[in-house]
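Chemist: Below: one structure in structure tokens.
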Amino acid sequence: MKVQSAMFYFPEEVIEHIFSFLTHHPDRNTVSTVCKAWYKIERLSRCEVFVGNCYAIRPDRAAARFPGLRSLTLKGKPHFADFDLVPPDWGGLAGPWIEAMARSCPNLEELRMKRMVVSDESLELLVHAFPNFKALVLVSCEGFSTDGLAAVARSCKSLRELDLQENEIEDRGPRWLNSFPDMCTSLVSLNFACLKGEVNLKSLERLVCRSPNLKCLRLNRAVPVETLAKIMNQCPNLEDLGTGSLLADQFSEAYVSLISALQKCKKLRSLSGFWDASPLCLLAVYPICANLTGLNLSYAPTVQGQDFINLIQHCVKLLRLWVLDSVGDKGLAVVASACKELQELRVFPSDLFAAGPATVTEEGLVAISTGCPKLNSLLYFCHSMTNSALITVSKNCPNFTRFRLCILEPRKPDPATNEPLDEGFGAVVKTCKNLRRFSISGLLTDQVFYYIGKYAKALEMLSIAFAGDTDQGMTYVLNGCKNLRKLEIRDCPFGDGALLADVTKYETMRSLWMSSCDISLRGCKALATKMPSLNVEIINEWEAEMEENLNNGVAEVISNNNNKHINNGNDERKVEKLYVYRTVGGPRTDAPDFVWTL
Amino acid sequence: MSVETERSSTESDVSGLDYEETALTLGIPGGARATGAELERKRGFSRTVDLTSRIGASEDRSDESPDTNTAGSAKAPAPKARVVGWPPVRNYRKNALKSSNKYVKVAVDGAPYLRKVDLEAYGGYEELLSALQEMFSCFTIRNYPNEERKLVDPIHGTEYVPTYEDKDGDWMLVGDVPWKMFVDACKRLRLMKSSEATNLGLIFTKSISRINWQIHLRRKHILGKSNAQLLGSIITLNHVQFIVLSFTESQVWLFEILSSGWSVSEFMLASQFII
């Protein structure tokens, strides 16, 4: 009270200075809601903005609110778009955002986007509208080509970071690397590992030569060992390296120069790539393993068995490890004995349909948990899991913040007891008080959701598939998880009752995704009516075929097409895909025909 | 690349020529153009014949597809043994890991056994056809910027048209769709004898008059085709450069550009397709 009134006498500059210590964006969001004065000071001084759902606010409004914006992070499509559950052309367009920023925020320096559609034209606009542009990070994006990259390379005078992770980039040739300016570049980080096509190796070598600040370099598969060796000789200060193709003949000149080049890189802490890695090339890597903190072998199916064991046993300081399940329980046991500092482990499936013999099982996970008590982040694909294993794992590693377990066969029970895995996952939420992200699989009843609702108080994101028995399951989660931000559900028997159990909950969350569940149009309409601050979007794919026919000029264009279908009285129809999110931007203006906003 | 050759030699099928496998079901090239929903349309044989007779009327193939479809022709409902989007692995990762495994059988009409190639080992159509040339070393490949691609056996003068079977079971002409889409859709390859391909109306070209000729140049066999506007221009056939001097229905005169000077070669037109 007294303190509060005292604050009013603080000049703005002081408050602004205080705010400059707040970098965590939720904190900044909070202070901006205190009073109008603080809102104004905060918004004018804000440099970094994170927009978790690009449709939660209109780009113009965001740009107008934060004119001093220097760094923008945007996420577009829902997470399940990664798994083909969202039709193409759904949206998530970067164009309107870049245009809005170009109009209002000329100081933009960094743009990070995930699951968005970016066109070459947008990239051109980006580099011409922002003279200080320094960093472009694109993760799981699409819609652009190497021509767009050429524009970025050519026109960004002070480009520091070009980071392309797992994007779908149309390859129009290797010329883009030539487009970097001829004089010294300011590049610190360059990642083009996801480019599938050829690369002009001479251009690459010359580029590296004139980029003295390079710390992180991730090459694509087209770069051979010879070039890698030459590059590494040029930048001994490299900290993060993604190799190209690690295929080398025995004792070839390329191989020998690779060995000596690697020895020189004393600062190397993170390695990835390892495309087509031959055992011989792995030998070359041993000398630097002892200092590695990050290792990504998840694109290297050739690194398995004894090769893997020989490599990993040197990596005693490893914090982050991504592998394929072909390393087997045996490989994981070696990880457990060697990598005592391990914090993050991801085990990806090499055989997607569990058709072959089991590669990793619960044994591998238990071994890891026993040997690596600092583990806090897990992504584990396996053929089967038992309750007792999960209980053991959670006892050994109570520090999980991210726990994602995917049993390849849906609804698979505990093979030892034939029971659901409720108790196992329940143990995880009971012990891991800091759990923020959780993905569950296998045979699960409503009981697991009871546990989640009761114990997972810090949970922010929950992914559920092929689980649950009744509406009660989903209701437990909505009622219990106070910090829930994203809930994504597929193939569960949750219906309108669950959807409408606590409608105001969705306003506290970023988004809800439900596909192949038991909800009807009536339920979705009810939700839309009760909660006007939400966008309730339905995706029905038979609409996509209708749109096809329209494009082919076969069916007549029915102007009230959407209304006709929504309001033809049959509200009992099941809704295939539902995406609900809070927004201040109103219904999307760019929704395609197959997306109905209720 | 070296990995691919190592692997393919251990994996090549030595089996009898299986006619069942190479039995044709027809599809029209160009039908696999990407639409928003990436549907592939099936068309019957009669459609193919129709199109053949209409050749020349429409140069741009991409115009053909939409209005000849009817709402009734269903998209091929591939019976899914797998659940969509499960396991939850990003497409990028699926494709990257798949990349060491996209081996498809290659059948050549008349060859006693099939081979296998890893489509993911190649960056584009040119590389694939070069590899096929190496594999079936009796072929030479003609070297053009044109849309069509053919392999030719110079000894007997037979041309082979590369075709592939797509996910719907239709046989398509190689080269119409973007490379990546082709790699995804291709289940197997068949090098079909050109004569057979023409009869089935599988050869479509963009420009109205194109002349194929088979050229015997003294010691070498060079094959290729060109369009009629090439008089006076320099063309490259199989890494050899020529200037087109004159052109008739049955003969073409080319100057071979040798590093040491010029030489005049006379060529006999052995077969001719005007489409």
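Labels used: A, B, ... for chains in the order of the structure tokens, numbers from 1 for residues in each chain, and numbers from 1 for ligands as shown.
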Might you pull out every residue within 9 Å of Pro301 of chain A, with only C-alpha atoms counted and same-chain residues fewer than 5 positions away left off, and present them as a PyMOL selection string?

Modeler: (chain A and resi 275-277+323-324+326-327+350) or (chain B and resi 97+100)

Chemist: Export, as a PDB file, in the first residue's frame, the selected residues with C-alpha atoms.

Modeler:
```pdb
ATOM      1  CA  TRP A 275      25.561 -39.337 -42.091  1.00  0.00           C
ATOM      2  CA  ASP A 276      26.597 -42.746 -43.463  1.00  0.00           C
ATOM      3  CA  ALA A 277      29.343 -42.830 -40.872  1.00  0.00           C
ATOM      4  CA  VAL A 323      20.401 -41.888 -30.649  1.00  0.00           C
ATOM      5  CA  LEU A 324      18.455 -44.437 -32.625  1.00  0.00           C
ATOM      6  CA  SER A 326      19.356 -49.625 -32.981  1.00  0.00           C
ATOM      7  CA  VAL A 327      21.955 -49.057 -30.276  1.00  0.00           C
ATOM      8  CA  SER A 350      14.769 -46.845 -36.577  1.00  0.00           C
TER       9      SER A 350
ATOM     10  CA  LEU B  97      16.097 -42.233 -42.046  1.00  0.00           C
ATOM     11  CA  SER B 100      19.176 -45.316 -46.821  1.00  0.00           C
TER      12      SER B 100
END
```

Chemist: Tell me which protein, DNA and RNA residues are within 6 Å of Cys186 of chain B, counting only C-alpha atoms, leaving out same-chain ones fewer than 4 positions away, and put them as a list of chain:residue names.

Modeler: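 Final neighbour list, sorted by chain and number: B:Glu165, B:Asp166, B:Phe182.
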
Chemist: For C-alpha atoms, I'd like the residues from the last selection saved as a PDB file, in the first residue's frame.

Modeler:
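Output saved as part-v8.pdb:
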```pdb
ATOM      1  CA  GLU B 165       4.977 -47.622 -60.813  1.00  0.00           C
ATOM      2  CA  ASP B 166       3.551 -45.205 -58.300  1.00  0.00           C
ATOM      3  CA  PHE B 182       8.903 -38.948 -57.583  1.00  0.00           C
TER       4      PHE B 182
END
```

Chemist: Tell me which protein, DNA and RNA residues are within 12 Å of Lys454 of chain A, counting only C-alpha atoms, leaving out same-chain ones fewer than 5 positions away, and put them as a list in words.

Modeler: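 Residues meeting the cut-off are Gly426, Ala427, Val429, Lys430, Lys433, Gln447, Val448, Phe449, Leu459, Gly473, Thr475, Tyr476, Val477, Leu478, Asn479, Gly480, Cys481 and Lys482 of chain A.
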
Chemist: Could you give me, as a ChimeraX atom specification, each residue of segment 70-259 of chain A that DSSP assigns to alpha helix (DSSP H) when run on this structure's backbone?

Modeler: /A:95-104,120-129,146-155,201-209,225-234,253-259

Chemist: List every residue of segment 309-480 of chain A that DSSP, applied to the backbone, labels as strand (DSSP E or B), and write the result as number ranges by chain.

Modeler: A: 320-324, 344-348, 377-382, 402-407, 437-440, 461-465

Chemist: Using only C-alpha atoms, which residues sit within 7 Å of Pro493 of chain A once same-chain residues fewer than 6 positions away are excluded, as a list in words?

Modeler: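 Contacts, in chain order: Gly468, Asp469, Thr470, Cys517 and Asp518 of chain A.
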
Chemist: Based on the selection just made, write N, CA, C and O atoms of those residues as a tab-separated table (two decimals), in the first residue's frame.

Modeler:
```
chain	number	residue	atom	x	y	z
A	468	GLY	N	-7.51	-43.85	-22.22
A	468	GLY	CA	-8.70	-43.45	-21.48
A	468	GLY	C	-9.91	-44.31	-21.78
A	468	GLY	O	-9.96	-45.06	-22.76
A	469	ASP	N	-10.91	-44.20	-20.89
A	469	ASP	CA	-12.15	-44.96	-21.08
A	469	ASP	C	-13.36	-44.07	-21.25
A	469	ASP	O	-14.24	-44.34	-22.05
A	470	THR	N	-13.45	-43.03	-20.40
A	470	THR	CA	-14.65	-42.19	-20.41
A	470	THR	C	-14.27	-40.72	-20.34
A	470	THR	O	-13.10	-40.37	-20.16
A	517	CYS	N	-11.61	-38.27	-31.71
A	517	CYS	CA	-12.25	-38.53	-30.41
A	517	CYS	C	-13.74	-38.65	-30.63
A	517	CYS	O	-14.19	-38.88	-31.75
A	518	ASP	N	-14.50	-38.44	-29.56
A	518	ASP	CA	-15.93	-38.71	-29.66
A	518	ASP	C	-16.76	-37.43	-29.57
A	518	ASP	O	-17.90	-37.45	-29.09
```

Chemist: When you count only C-alpha atoms, which of these residues is closest to Tyr113 of chain B: B:Arg190, B:Tyr92, B:Met181, B:Lys167?

Modeler: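 Going through B:Arg190, B:Tyr92, B:Met181, B:Lys167 one by one, the smallest distance to Tyr113 of chain B is for B:Arg190.
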
Chemist: Suppose you want the space between atom CA of Asp89 of chain A and atom CA of Ile539 of chain A; what is it in Å?

Modeler: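 Distance reported for this atom pair: 11.8 Å.
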
Chemist: Which residue gives the smallest distance to chain A among B:Lys180, B:Leu119, B:Ala107, B:Ser194, with only C-alpha atoms counted?

Modeler: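 Nearest to chain A: B:Lys180.
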
Chemist: Here is a test: counting only C-alpha atoms, which residue of A:Asn107, A:Asn540, A:Ser140, A:Ser337 is nearest to chain B?

Modeler: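 Smallest separation from chain B among the options: A:Ser140.
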
Chemist: Between atom CA of Cys339 of chain A and atom CA of Cys265 of chain A, what is the distance, to one decimal in Å?

Modeler: 21.6 Å
